[in-house]
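To start, the structure itself, in structure tokens.
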Amino acid sequence: MKQYLNYVNGKWVESPKTFDDISPVDGSLVATVHEASRELVNEAVSAGHRALAGEWGRTSAAQRVVLLRRIADEMERRQDDFLAAEMADTGKPLAMASSIDVPRGIANFRAFADMLATAPLDSHRLDLPEGAYALNYAARKPLGVVGVISPWNLPLLLLTWKVAPALACGNSVVVKPSEETPGSATLLAEVMEAAGVPAGAFNLVHGFGPNSAGEFVASHPDISAITFTGESRTGSAIMRAAAEGVKPVSFELGGKNAAIIFADCDFEKMLDGMMRALFLNSGQVCLCSERVYVERSIFDRFCTALVERIKAMKVDWPHDPDTHMGPLISAKHRDKVLSYFQLAREEGATFLAGGRVPDFGDKRDLGAWVEPTVITGLSDDARSVREEIFGPICHVAPFDNEREVIARANDTRYGLAATIWTSNLSRAHRVGEAMRVGISWVNTWFLRDLRTPFGGAGISGIGREGGMHSLNFYSELTNVCVRVDAEAENV
Ligand code: NAD
């Protein structure tokens, strides 16, 4: 059986305490994971500081650009291993893991290497009376040891999205992947070792959240900043833990995202896009749409077409290249999603599709599967329309005009993403900007240049990452202001 160890100070560390990594496809055992103790987390943080005081702390930006590219090359060399680890832990379909998760994980290192290589110096000249002036520039330095806590839905993609810029800026990291998906993070530690990342610059600790490695990282007094992706409620617990040390936090949290479909959209392109926005990764992408508003004149047509598309979906073994949807991440999460199906029934929803556990008649019945599901008929204040479910389910509702739908879409404490389907150019810009979210997509979904800001409004996050936004979060900027006199004193 595979063993996933911790990686601290450049060494692989076992633990007397282990837990099981279970496949959501059929409930089989994927690996045994070694849970980091508080002492091991302490050692990881100390190793991070020692690295900063040593060889790692002396690397130049140019050297780190080379290193990040070497990491990307090494990941590329091992992409089949990454693919296997990611699919074993999550059960996500081959088509998705091979086109999104693994390539984006690699691209994150290349993108941040490029950004670091071309990052402008933030400098200004302030003219003073009589020809003197001041030169002001921001010196970019690492924050220190950064705690990286990540979720299970896009394990490699989201972990590297934070590790790459943190290392680019010269920080050490202590990484705590989700307990559900330890595989690709362990491979990433192997890649760091092979790429020659100095001992202590990258540390990996496995475990859970409360009273385990997650909490030990979040509350550690010598961690300089926390970057976290996960549920809004967990963000709030981490913020409390980080408050004592007044630590900077960057949070990418949950969503209850709206899709707005106007009657003037390109109907077939919209349907293609909506099938992805609803069911990619079994609806377990923070950006997936769970609230769908459709202009009344095409509401029935949309519902009929959506149900037809769902009937043609292949919910099947992840390794089948034609599979569209695999299982949810775990039995526990499946039970949460099923509890929302039940809640929706009690709230009076009509089920247009799905709502049950599929019956395969084979060992997948021991996995964590649910059917792609569409409900309708609930008011906007029903709990199943307001709370993040994080599964392959959406509520569809008709709307009558633009102003009304903007107000309804924005009536949420979340504010992560929106997707808008229209062929009216002015409306596209108007509604796109009116959404109180981190990102509005128009006639597309889940597409972004990595140099642009990413984050959430409301309880969907704190701060923005991407491009210079990431480099600024992971850096301590010291403003150096030098006065230059007009006349030389002893010419
Ligand atoms: P989660 O909050 O349960 O767990 C995320 C990580 O936090 C895990 O590593 C977990 O062990 C750790 N953790 C849990 N409690 C902790 C605590 N008290 N202290 C420290 N660490 C703790 O989230 P999840 O279930 O893994 O992921 C799903 C959630 O993530 C959804 O809400 C989804 O919307 C959100 N998400 C957001 C984005 C984004 O970019 N905004 C991206 C992906 C997922």
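Lettering and numbering for the structure tokens are positional, with chains as A, B, ... in the shown order, residues counted from 1 in each chain, and ligands counted from 1 in the shown order.
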Problem - Neighbourhood of ligand 1 at 6 Å, counting only C-alpha atoms and all ligand atoms, reported as a PyMOL selection string - result: chain A and resi 149-152+176-179+208-210+214-215+218+229-231+234+237-238+252-255+285-286
Problem - Expected answer as number ranges by chain: strand (DSSP E) residues in stretch 374-418 of chain A - result: A: 374-376, 393-399, 417-418
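Nearest to A:Ala119 of all the residues A:Trp441, A:Gln3, A:Ala132, A:Val65 is A:Val65, counting only C-alpha atoms.
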Problem - Which of stretch 225-388 of chain A fall in helix (DSSP H, G or I), as an NGL selection string - result: :A and (232-243 or 267-283 or 296-311 or 331-346 or 363-366 or 383-386)
Completion exercise
In terms of only C-alpha atoms, the residue from A:Ala168, A:Val174, A:Val8, A:Ile389 at minimal distance from A:Glu290 is A:Ile389
